[in-house]
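This is final_27.cif. It holds mmCIF, C-alpha atoms and all ligand atoms.
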```
data_work
loop_
_atom_site.group_PDB
_atom_site.id
_atom_site.type_symbol
_atom_site.label_atom_id
_atom_site.label_comp_id
_atom_site.auth_asym_id
_atom_site.auth_seq_id
_atom_site.Cartn_x
_atom_site.Cartn_y
_atom_site.Cartn_z
ATOM 1 C CA MET I 1 0.000 0.000 0.000
ATOM 2 C CA ARG I 2 2.363 2.706 -1.227
ATOM 3 C CA LEU I 3 -0.310 5.437 -1.348
ATOM 4 C CA LYS I 4 -2.205 4.672 1.845
ATOM 5 C CA ASP I 5 -4.169 7.693 3.149
ATOM 6 C CA LYS I 6 -3.245 9.786 0.092
ATOM 7 C CA VAL I 7 -5.849 11.608 -1.980
ATOM 8 C CA ALA I 8 -5.412 12.018 -5.729
ATOM 9 C CA LEU I 9 -7.141 13.581 -8.707
ATOM 10 C CA VAL I 10 -6.443 12.097 -12.146
ATOM 11 C CA THR I 11 -7.658 14.092 -15.153
ATOM 12 C CA GLY I 12 -8.872 12.484 -18.373
ATOM 13 C CA ALA I 13 -9.316 9.174 -16.590
ATOM 14 C CA SER I 14 -12.151 7.601 -18.539
ATOM 15 C CA SER I 15 -9.788 5.543 -20.689
ATOM 16 C CA GLY I 16 -6.202 4.550 -21.412
ATOM 17 C CA ILE I 17 -3.357 5.715 -19.191
ATOM 18 C CA GLY I 18 -5.541 7.825 -16.872
ATOM 19 C CA LEU I 19 -7.874 4.938 -16.134
ATOM 20 C CA SER I 20 -4.934 2.619 -15.401
ATOM 21 C CA ILE I 21 -3.484 5.199 -13.015
ATOM 22 C CA VAL I 22 -6.786 5.414 -11.138
ATOM 23 C CA GLU I 23 -6.859 1.609 -10.861
ATOM 24 C CA ARG I 24 -3.280 1.388 -9.566
ATOM 25 C CA PHE I 25 -3.640 4.319 -7.179
ATOM 26 C CA ALA I 26 -6.792 2.784 -5.693
ATOM 27 C CA ALA I 27 -5.065 -0.597 -5.374
ATOM 28 C CA GLU I 28 -2.202 1.159 -3.531
ATOM 29 C CA GLY I 29 -4.623 2.556 -0.953
ATOM 30 C CA ALA I 30 -5.275 6.052 -2.328
ATOM 31 C CA SER I 31 -8.644 7.762 -2.515
ATOM 32 C CA VAL I 32 -9.058 8.975 -6.072
ATOM 33 C CA GLY I 33 -11.142 11.434 -8.063
ATOM 34 C CA MET I 34 -11.547 9.966 -11.549
ATOM 35 C CA ASN I 35 -12.116 12.885 -13.901
ATOM 36 C CA TYR I 36 -14.071 12.368 -17.107
ATOM 37 C CA ARG I 37 -15.372 14.801 -19.672
ATOM 38 C CA ILE I 38 -19.121 14.972 -20.197
ATOM 39 C CA GLY I 39 -19.695 14.384 -23.890
ATOM 40 C CA GLY I 40 -16.807 11.886 -23.988
ATOM 41 C CA LYS I 41 -17.046 8.104 -23.617
ATOM 42 C CA LEU I 42 -18.639 8.174 -20.154
ATOM 43 C CA ASN I 43 -21.824 9.792 -18.903
ATOM 44 C CA PRO I 44 -22.653 10.373 -15.232
ATOM 45 C CA LYS I 45 -24.294 6.945 -14.926
ATOM 46 C CA SER I 46 -21.539 4.901 -16.612
ATOM 47 C CA ALA I 47 -18.846 6.931 -14.808
ATOM 48 C CA ALA I 48 -20.464 6.175 -11.445
ATOM 49 C CA ALA I 49 -20.629 2.472 -12.345
ATOM 50 C CA ARG I 50 -16.971 2.479 -13.451
ATOM 51 C CA ALA I 51 -15.850 4.216 -10.250
ATOM 52 C CA ALA I 52 -17.885 1.837 -8.070
ATOM 53 C CA LYS I 53 -16.192 -1.115 -9.774
ATOM 54 C CA LEU I 54 -12.786 0.320 -8.847
ATOM 55 C CA GLY I 55 -13.645 0.463 -5.166
ATOM 56 C CA PRO I 56 -15.306 2.568 -2.488
ATOM 57 C CA ASN I 57 -12.507 5.145 -2.542
ATOM 58 C CA VAL I 58 -12.908 6.130 -6.189
ATOM 59 C CA ILE I 59 -15.363 8.863 -7.151
ATOM 60 C CA PRO I 60 -16.253 10.079 -10.629
ATOM 61 C CA VAL I 61 -15.562 13.774 -11.145
ATOM 62 C CA ALA I 62 -17.057 15.354 -14.251
ATOM 63 C CA GLY I 63 -15.397 18.315 -15.929
ATOM 64 C CA ASP I 64 -13.574 19.745 -18.887
ATOM 65 C CA VAL I 65 -9.963 20.518 -17.937
ATOM 66 C CA SER I 66 -9.890 23.515 -20.274
ATOM 67 C CA ARG I 67 -12.568 25.352 -18.246
ATOM 68 C CA ARG I 68 -11.564 26.997 -14.974
ATOM 69 C CA PRO I 69 -14.972 26.651 -13.253
ATOM 70 C CA ASP I 70 -14.981 22.922 -14.083
ATOM 71 C CA VAL I 71 -11.505 22.376 -12.638
ATOM 72 C CA GLU I 72 -12.359 24.414 -9.508
ATOM 73 C CA GLN I 73 -15.392 22.172 -9.107
ATOM 74 C CA MET I 74 -13.389 18.968 -9.708
ATOM 75 C CA VAL I 75 -10.877 19.797 -6.976
ATOM 76 C CA GLN I 76 -13.668 20.908 -4.636
ATOM 77 C CA GLU I 77 -15.548 17.634 -5.101
ATOM 78 C CA VAL I 78 -12.445 15.624 -4.205
ATOM 79 C CA VAL I 79 -11.774 17.783 -1.141
ATOM 80 C CA ASN I 80 -15.419 17.659 -0.050
ATOM 81 C CA LYS I 81 -15.410 13.871 -0.284
ATOM 82 C CA PHE I 82 -11.937 12.980 1.029
ATOM 83 C CA GLY I 83 -10.966 16.106 3.005
ATOM 84 C CA ARG I 84 -7.757 16.990 1.131
ATOM 85 C CA LEU I 85 -5.729 16.643 -2.074
ATOM 86 C CA ASP I 86 -2.159 15.297 -2.112
ATOM 87 C CA ILE I 87 -1.544 14.213 -5.701
ATOM 88 C CA LEU I 88 -2.565 15.648 -9.075
ATOM 89 C CA VAL I 89 -2.028 13.617 -12.223
ATOM 90 C CA SER I 90 -2.571 15.899 -15.180
ATOM 91 C CA ASN I 91 -3.208 13.339 -17.894
ATOM 92 C CA ALA I 92 -6.028 14.619 -20.140
ATOM 93 C CA GLY I 93 -4.751 15.071 -23.663
ATOM 94 C CA ILE I 94 -5.787 15.123 -27.295
ATOM 95 C CA GLU I 95 -3.967 15.087 -30.615
ATOM 96 C CA ILE I 96 -4.805 15.882 -34.222
ATOM 97 C CA LYS I 97 -2.651 14.750 -37.124
ATOM 98 C CA ARG I 98 -2.491 17.503 -39.755
ATOM 99 C CA SER I 99 0.154 18.934 -42.002
ATOM 100 C CA PHE I 100 1.450 22.212 -40.553
ATOM 101 C CA LEU I 101 0.288 24.196 -43.584
ATOM 102 C CA GLU I 102 -3.283 22.973 -42.983
ATOM 103 C CA VAL I 103 -3.444 23.468 -39.202
ATOM 104 C CA THR I 104 -6.353 25.755 -38.291
ATOM 105 C CA ASP I 105 -6.677 28.174 -35.386
ATOM 106 C CA GLU I 106 -9.307 25.828 -34.018
ATOM 107 C CA ASP I 107 -6.887 22.847 -34.072
ATOM 108 C CA TRP I 108 -4.213 24.880 -32.326
ATOM 109 C CA ASN I 109 -6.552 26.329 -29.705
ATOM 110 C CA ARG I 110 -8.265 23.021 -28.926
ATOM 111 C CA ILE I 111 -5.025 21.106 -28.439
ATOM 112 C CA LEU I 112 -3.258 23.807 -26.460
ATOM 113 C CA SER I 113 -6.322 24.461 -24.309
ATOM 114 C CA VAL I 114 -6.692 20.831 -23.226
ATOM 115 C CA ASN I 115 -3.061 19.707 -23.122
ATOM 116 C CA LEU I 116 -1.355 22.828 -21.766
ATOM 117 C CA TYR I 117 -3.901 25.339 -20.442
ATOM 118 C CA GLY I 118 -5.779 22.429 -18.794
ATOM 119 C CA ALA I 119 -2.578 21.327 -17.058
ATOM 120 C CA PHE I 120 -1.883 24.910 -15.943
ATOM 121 C CA LEU I 121 -5.392 25.245 -14.501
ATOM 122 C CA ALA I 122 -5.285 21.908 -12.701
ATOM 123 C CA SER I 123 -1.796 22.636 -11.336
ATOM 124 C CA GLN I 124 -2.726 26.065 -10.017
ATOM 125 C CA ILE I 125 -5.993 25.026 -8.430
ATOM 126 C CA ALA I 126 -4.500 21.836 -6.950
ATOM 127 C CA ALA I 127 -1.379 23.657 -5.708
ATOM 128 C CA ARG I 128 -3.510 26.333 -3.995
ATOM 129 C CA GLN I 129 -5.327 23.548 -2.143
ATOM 130 C CA MET I 130 -2.034 21.814 -1.263
ATOM 131 C CA ALA I 131 -0.591 25.138 -0.036
ATOM 132 C CA LYS I 132 -3.611 25.586 2.244
ATOM 133 C CA GLN I 133 -3.053 22.110 3.706
ATOM 134 C CA GLY I 134 0.632 22.907 4.316
ATOM 135 C CA GLN I 135 1.928 19.362 3.895
ATOM 136 C CA GLY I 136 3.335 19.458 0.385
ATOM 137 C CA GLY I 137 2.040 17.545 -2.590
ATOM 138 C CA LYS I 138 2.865 15.909 -5.872
ATOM 139 C CA LEU I 139 2.157 17.190 -9.382
ATOM 140 C CA ILE I 140 2.629 14.599 -12.114
ATOM 141 C CA TYR I 141 2.147 15.370 -15.797
ATOM 142 C CA ILE I 142 1.585 12.798 -18.507
ATOM 143 C CA SER I 143 3.616 14.538 -21.132
ATOM 144 C CA SER I 144 5.126 12.562 -24.045
ATOM 145 C CA ILE I 145 8.452 11.815 -25.643
ATOM 146 C CA HIS I 146 7.217 14.595 -27.936
ATOM 147 C CA GLU I 147 8.009 17.140 -25.260
ATOM 148 C CA ASP I 148 11.481 16.597 -26.647
ATOM 149 C CA VAL I 149 11.341 14.709 -29.939
ATOM 150 C CA ASN I 150 9.590 15.955 -33.067
ATOM 151 C CA LEU I 151 6.577 14.199 -34.588
ATOM 152 C CA PRO I 152 5.722 15.146 -38.156
ATOM 153 C CA ASP I 153 2.251 16.637 -38.739
ATOM 154 C CA HIS I 154 1.686 17.161 -35.002
ATOM 155 C CA THR I 155 3.011 20.665 -34.380
ATOM 156 C CA PRO I 156 0.295 21.811 -31.915
ATOM 157 C CA TYR I 157 0.612 18.533 -29.973
ATOM 158 C CA CYS I 158 4.410 18.781 -29.782
ATOM 159 C CA ALA I 159 4.181 22.458 -28.791
ATOM 160 C CA SER I 160 1.735 21.555 -26.015
ATOM 161 C CA LYS I 161 3.991 18.784 -24.690
ATOM 162 C CA GLY I 162 7.087 20.988 -24.945
ATOM 163 C CA GLY I 163 5.116 23.566 -22.944
ATOM 164 C CA LEU I 164 4.367 20.932 -20.311
ATOM 165 C CA ARG I 165 8.063 20.313 -19.893
ATOM 166 C CA MET I 166 8.728 23.945 -18.957
ATOM 167 C CA LEU I 167 5.524 24.232 -16.919
ATOM 168 C CA MET I 168 6.760 21.313 -14.822
ATOM 169 C CA ARG I 169 10.333 22.612 -14.563
ATOM 170 C CA ASN I 170 9.190 26.050 -13.440
ATOM 171 C CA LEU I 171 6.763 24.675 -10.889
ATOM 172 C CA SER I 172 9.414 22.351 -9.470
ATOM 173 C CA VAL I 173 11.300 25.499 -8.413
ATOM 174 C CA ASP I 174 8.412 27.886 -7.686
ATOM 175 C CA LEU I 175 6.574 25.371 -5.513
ATOM 176 C CA ALA I 176 9.585 23.762 -3.833
ATOM 177 C CA PRO I 177 9.263 26.013 -0.744
ATOM 178 C CA LEU I 178 5.800 24.489 -0.289
ATOM 179 C CA LYS I 179 7.258 20.964 -0.595
ATOM 180 C CA ILE I 180 5.231 20.418 -3.739
ATOM 181 C CA THR I 181 7.158 18.380 -6.304
ATOM 182 C CA ALA I 182 6.549 18.352 -10.063
ATOM 183 C CA ASN I 183 7.626 15.693 -12.542
ATOM 184 C CA ASN I 184 6.734 14.537 -16.034
ATOM 185 C CA ILE I 185 6.139 11.065 -17.343
ATOM 186 C CA ALA I 186 6.957 10.930 -21.049
ATOM 187 C CA PRO I 187 5.462 7.834 -22.662
ATOM 188 C CA GLY I 188 6.492 6.566 -26.060
ATOM 189 C CA PHE I 189 3.923 4.397 -27.854
ATOM 190 C CA ILE I 190 1.362 2.989 -25.408
ATOM 191 C CA VAL I 191 -1.615 0.857 -26.459
ATOM 192 C CA THR I 192 -4.583 3.176 -25.740
ATOM 193 C CA PRO I 193 -7.506 4.708 -27.674
ATOM 194 C CA ILE I 194 -5.364 7.705 -28.719
ATOM 195 C CA ASN I 195 -3.405 5.316 -30.990
ATOM 196 C CA GLU I 196 -6.464 3.520 -32.378
ATOM 197 C CA SER I 197 -5.917 4.436 -36.023
ATOM 198 C CA THR I 198 -2.226 3.434 -36.004
ATOM 199 C CA LEU I 199 -3.036 0.145 -34.271
ATOM 200 C CA LYS I 200 -5.560 -0.716 -36.989
ATOM 201 C CA ASP I 201 -2.972 -0.257 -39.745
ATOM 202 C CA PRO I 202 -0.538 -3.241 -39.998
ATOM 203 C CA GLU I 203 2.023 -1.238 -41.987
ATOM 204 C CA ALA I 204 1.986 1.581 -39.405
ATOM 205 C CA VAL I 205 2.314 -0.986 -36.585
ATOM 206 C CA LYS I 206 5.333 -2.577 -38.282
ATOM 207 C CA ASN I 207 6.998 0.801 -38.879
ATOM 208 C CA SER I 208 6.304 1.965 -35.327
ATOM 209 C CA LEU I 209 7.742 -1.226 -33.801
ATOM 210 C CA GLU I 210 10.927 -0.722 -35.796
ATOM 211 C CA GLU I 211 11.383 2.600 -33.982
ATOM 212 C CA ILE I 212 11.321 0.892 -30.570
ATOM 213 C CA PRO I 213 14.481 -0.924 -29.425
ATOM 214 C CA LEU I 214 12.453 -3.216 -27.120
ATOM 215 C CA ARG I 215 10.253 -4.078 -30.162
ATOM 216 C CA ARG I 216 6.914 -3.835 -28.409
ATOM 217 C CA PHE I 217 4.397 -1.174 -27.468
ATOM 218 C CA GLY I 218 3.949 -0.129 -23.851
ATOM 219 C CA LYS I 219 0.946 -0.938 -21.694
ATOM 220 C CA PRO I 220 -1.020 1.676 -19.732
ATOM 221 C CA GLU I 221 -0.361 -0.342 -16.538
ATOM 222 C CA GLU I 222 3.371 0.175 -17.042
ATOM 223 C CA VAL I 223 2.889 3.940 -17.124
ATOM 224 C CA ALA I 224 0.691 3.634 -14.029
ATOM 225 C CA GLY I 225 3.515 1.831 -12.207
ATOM 226 C CA LEU I 226 5.822 4.789 -12.787
ATOM 227 C CA ALA I 227 3.076 7.184 -11.647
ATOM 228 C CA VAL I 228 2.745 5.222 -8.383
ATOM 229 C CA PHE I 229 6.458 5.681 -7.727
ATOM 230 C CA LEU I 230 6.356 9.426 -8.452
ATOM 231 C CA ALA I 231 3.234 9.839 -6.295
ATOM 232 C CA SER I 232 4.667 7.896 -3.355
ATOM 233 C CA SER I 233 6.910 9.061 -0.530
ATOM 234 C CA GLU I 234 9.753 7.112 -2.183
ATOM 235 C CA ALA I 235 9.903 10.029 -4.644
ATOM 236 C CA ASP I 236 9.926 12.814 -2.054
ATOM 237 C CA TYR I 237 13.350 14.013 -3.239
ATOM 238 C CA VAL I 238 12.494 13.753 -6.941
ATOM 239 C CA THR I 239 11.436 16.975 -8.641
ATOM 240 C CA GLY I 240 11.890 18.813 -11.918
ATOM 241 C CA SER I 241 12.531 15.703 -14.005
ATOM 242 C CA THR I 242 11.038 13.931 -16.976
ATOM 243 C CA TYR I 243 10.838 10.142 -16.836
ATOM 244 C CA TYR I 244 10.776 8.460 -20.230
ATOM 245 C CA ILE I 245 8.844 5.221 -20.539
ATOM 246 C CA ASP I 246 9.242 4.362 -24.179
ATOM 247 C CA GLY I 247 11.031 1.029 -24.723
ATOM 248 C CA GLY I 248 14.102 3.031 -25.677
ATOM 249 C CA MET I 249 12.353 4.938 -28.493
ATOM 250 C CA VAL I 250 14.149 8.236 -27.899
ATOM 251 C CA ARG I 251 17.504 6.399 -28.009
ATOM 252 C CA GLN I 252 16.773 4.811 -31.375
ATOM 253 C CA VAL I 253 19.726 5.088 -33.710
ATOM 254 C CA ALA I 254 18.957 7.012 -36.882
ATOM 255 C CA LYS I 255 18.833 4.793 -39.970
ATOM 256 C CA TYR I 256 20.592 6.306 -42.972
HETATM 257 P P1 LIG I 301 -6.879 8.394 -24.284
HETATM 258 O O1 LIG I 301 -7.461 9.027 -25.484
HETATM 259 O O2 LIG I 301 -7.423 7.082 -23.823
HETATM 260 O O3 LIG I 301 -6.903 9.384 -23.041
HETATM 261 C C1 LIG I 301 -7.084 10.765 -23.124
HETATM 262 C C2 LIG I 301 -8.143 11.139 -22.115
HETATM 263 O O4 LIG I 301 -8.275 12.559 -22.032
HETATM 264 C C3 LIG I 301 -9.535 10.584 -22.512
HETATM 265 O O5 LIG I 301 -10.074 9.877 -21.415
HETATM 266 C C4 LIG I 301 -10.334 11.830 -22.819
HETATM 267 O O6 LIG I 301 -11.707 11.697 -22.516
HETATM 268 C C5 LIG I 301 -9.650 12.848 -21.911
HETATM 269 N N1 LIG I 301 -9.921 14.230 -22.300
HETATM 270 C C6 LIG I 301 -9.801 14.800 -23.520
HETATM 271 N N2 LIG I 301 -10.175 16.088 -23.479
HETATM 272 C C7 LIG I 301 -10.526 16.339 -22.181
HETATM 273 C C8 LIG I 301 -10.995 17.498 -21.505
HETATM 274 N N3 LIG I 301 -11.167 18.654 -22.158
HETATM 275 N N4 LIG I 301 -11.247 17.392 -20.174
HETATM 276 C C9 LIG I 301 -11.088 16.223 -19.501
HETATM 277 N N5 LIG I 301 -10.652 15.102 -20.110
HETATM 278 C C10 LIG I 301 -10.374 15.166 -21.431
HETATM 279 O O7 LIG I 301 -5.332 8.238 -24.599
HETATM 280 P P2 LIG I 301 -4.083 8.026 -23.601
HETATM 281 O O8 LIG I 301 -3.023 7.474 -24.437
HETATM 282 O O9 LIG I 301 -4.471 7.330 -22.379
HETATM 283 O O10 LIG I 301 -3.681 9.539 -23.287
HETATM 284 C C11 LIG I 301 -3.441 10.022 -21.978
HETATM 285 C C12 LIG I 301 -2.291 11.026 -22.013
HETATM 286 O O11 LIG I 301 -1.100 10.333 -22.385
HETATM 287 C C13 LIG I 301 -2.477 12.142 -23.044
HETATM 288 O O12 LIG I 301 -2.060 13.364 -22.470
HETATM 289 C C14 LIG I 301 -1.536 11.745 -24.157
HETATM 290 O O13 LIG I 301 -1.052 12.841 -24.896
HETATM 291 C C15 LIG I 301 -0.424 11.075 -23.368
HETATM 292 N N6 LIG I 301 0.426 10.190 -24.156
HETATM 293 C C16 LIG I 301 -0.062 9.035 -24.683
HETATM 294 C C17 LIG I 301 0.795 8.221 -25.426
HETATM 295 C C18 LIG I 301 0.334 6.931 -26.028
HETATM 296 O O14 LIG I 301 1.087 6.353 -26.829
HETATM 297 N N7 LIG I 301 -0.845 6.430 -25.724
HETATM 298 C C19 LIG I 301 2.118 8.610 -25.631
HETATM 299 C C20 LIG I 301 2.570 9.790 -25.080
HETATM 300 C C21 LIG I 301 1.723 10.580 -24.327
#
```

Rewrite the coordinates I just gave you, this time as structure tokens.
Ligand code: NAD
Amino acid sequence: MRLKDKVALVTGASSGIGLSIVERFAAEGASVGMNYRIGGKLNPKSAAARAAKLGPNVIPVAGDVSRRPDVEQMVQEVVNKFGRLDILVSNAGIEIKRSFLEVTDEDWNRILSVNLYGAFLASQIAARQMAKQGQGGKLIYISSIHEDVNLPDHTPYCASKGGLRMLMRNLSVDLAPLKITANNIAPGFIVTPINESTLKDPEAVKNSLEEIPLRRFGKPEEVAGLAVFLASSEADYVTGSTYYIDGGMVRQVAKY
């Protein structure tokens, strides 16, 4: 029970990596707010059923991370239910594949507002709550290897993830006096709904696997394992860092 008596909020947790993190956190003894977006895959009824399945200490928390009133409400619901907030996992994210010359203002604004502005909002509102409690806290961002490595036809996505890297680095210093740590998890290729179209295309699967030295895709549970470490007291002295979990993808040798 590495997260016993801890209280967490995980954004974008109706599927994929976020859902796995909620499952692992609950199994490690944490009380967890499982955020989902109304209009996404879950509705209030299915979200409540999903949370109940994960255990008595998981509650569904509806809200769009790109809207301040929603995020205020999300944090408040967790605090009302569990009395505090110790861990924020800022995981909600979207991507759109489009050639840079075709990217619209709407594409740019949507991606940046969920992936970066949403993380800013959640960090600020969570950190204010943690500051009030006076016992520190942990901010964890699900960034991407694309906070560092380019991805063709994904400029807004890469810009948002690059922004997350500096958001995290700044907060690791600004919030250190409050004993609030900030770290990024940078996944490579993980089998989740965000990669649905690639996973349906055998040629794309083959090409993607060739980019990964370990020659397999990652599982959401593996990312969740790293999140448990960063959320636990074992990581109390860890701040300001990005942890790659990518089967060696960023170390791939260029093929000429
Ligand atoms: P996913 O599509 O299953 O998860 C994304 C989640 O974000 C969904 O549950 C979605 O409902 C939620 N979401 C989207 N907009 C939202 C909003 N406005 N408010 C609240 N929630 C919202 O895919 P995933 O792979 O689990 O993605 C999770 C995170 O991991 C994303 O930030 C993604 O960029 C990052 N990531 C994924 C991979 C990968 O290979 N799967 C690699 C690197 C980074």

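Each of I:Val191, I:Val173, I:Leu112, I:Val238 was compared to Glu221 in chain I using only C-alpha atoms, and I:Val191 turns out to be the nearest.
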
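Among the candidate residues I:Gly225, I:Pro152, I:Gly134, I:Pro220, the one lying nearest to Gly16 in chain I is I:Pro220, with distances computed using all atoms listed in the file.
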
Using only C-alpha atoms, determine which residues lie at most 9 Å from range 138-151 of chain I, disregarding the query and same-chain residues fewer than 5 positions distant; provide the list as a ChimeraX atom specification.
/I:17-18,86-93,115,119,123,126-127,130,157-165,168,171-172,179-189,227,230-232,236,242,244-246,249-250

Those same residues, written as a compact mmCIF listing (two decimals), in the frame of the given file with C-alpha atoms?
```txt
# COMPACT_ATOMS: atom_id res chain seq x y z
CA ILE I 17 -3.36 5.72 -19.19
CA GLY I 18 -5.54 7.82 -16.87
CA ASP I 86 -2.16 15.30 -2.11
CA ILE I 87 -1.54 14.21 -5.70
CA LEU I 88 -2.56 15.65 -9.07
CA VAL I 89 -2.03 13.62 -12.22
CA SER I 90 -2.57 15.90 -15.18
CA ASN I 91 -3.21 13.34 -17.89
CA ALA I 92 -6.03 14.62 -20.14
CA GLY I 93 -4.75 15.07 -23.66
CA ASN I 115 -3.06 19.71 -23.12
CA ALA I 119 -2.58 21.33 -17.06
CA SER I 123 -1.80 22.64 -11.34
CA ALA I 126 -4.50 21.84 -6.95
CA ALA I 127 -1.38 23.66 -5.71
CA MET I 130 -2.03 21.81 -1.26
CA TYR I 157 0.61 18.53 -29.97
CA CYS I 158 4.41 18.78 -29.78
CA ALA I 159 4.18 22.46 -28.79
CA SER I 160 1.74 21.56 -26.02
CA LYS I 161 3.99 18.78 -24.69
CA GLY I 162 7.09 20.99 -24.94
CA GLY I 163 5.12 23.57 -22.94
CA LEU I 164 4.37 20.93 -20.31
CA ARG I 165 8.06 20.31 -19.89
CA MET I 168 6.76 21.31 -14.82
CA LEU I 171 6.76 24.68 -10.89
CA SER I 172 9.41 22.35 -9.47
CA LYS I 179 7.26 20.96 -0.60
CA ILE I 180 5.23 20.42 -3.74
CA THR I 181 7.16 18.38 -6.30
CA ALA I 182 6.55 18.35 -10.06
CA ASN I 183 7.63 15.69 -12.54
CA ASN I 184 6.73 14.54 -16.03
CA ILE I 185 6.14 11.06 -17.34
CA ALA I 186 6.96 10.93 -21.05
CA PRO I 187 5.46 7.83 -22.66
CA GLY I 188 6.49 6.57 -26.06
CA PHE I 189 3.92 4.40 -27.85
CA ALA I 227 3.08 7.18 -11.65
CA LEU I 230 6.36 9.43 -8.45
CA ALA I 231 3.23 9.84 -6.30
CA SER I 232 4.67 7.90 -3.36
CA ASP I 236 9.93 12.81 -2.05
CA THR I 242 11.04 13.93 -16.98
CA TYR I 244 10.78 8.46 -20.23
CA ILE I 245 8.84 5.22 -20.54
CA ASP I 246 9.24 4.36 -24.18
CA MET I 249 12.35 4.94 -28.49
CA VAL I 250 14.15 8.24 -27.90
```

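Each of I:Val32, I:Leu226, I:Ala51, I:Leu19 was checked against ligand LIG 301 (chain I) using only C-alpha atoms and all ligand atoms; the smallest atom-to-atom distance is that of I:Leu19.
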
So, counting all atoms listed in the file, which residue among I:Lys6, I:Leu209, I:Thr198, I:Asp153 is closest to Arg98 in chain I?
I:Asp153

Atomic separation - CA of Lys41 in chain I relative to CA of Asp70 in chain I, Å:
17.7 Å
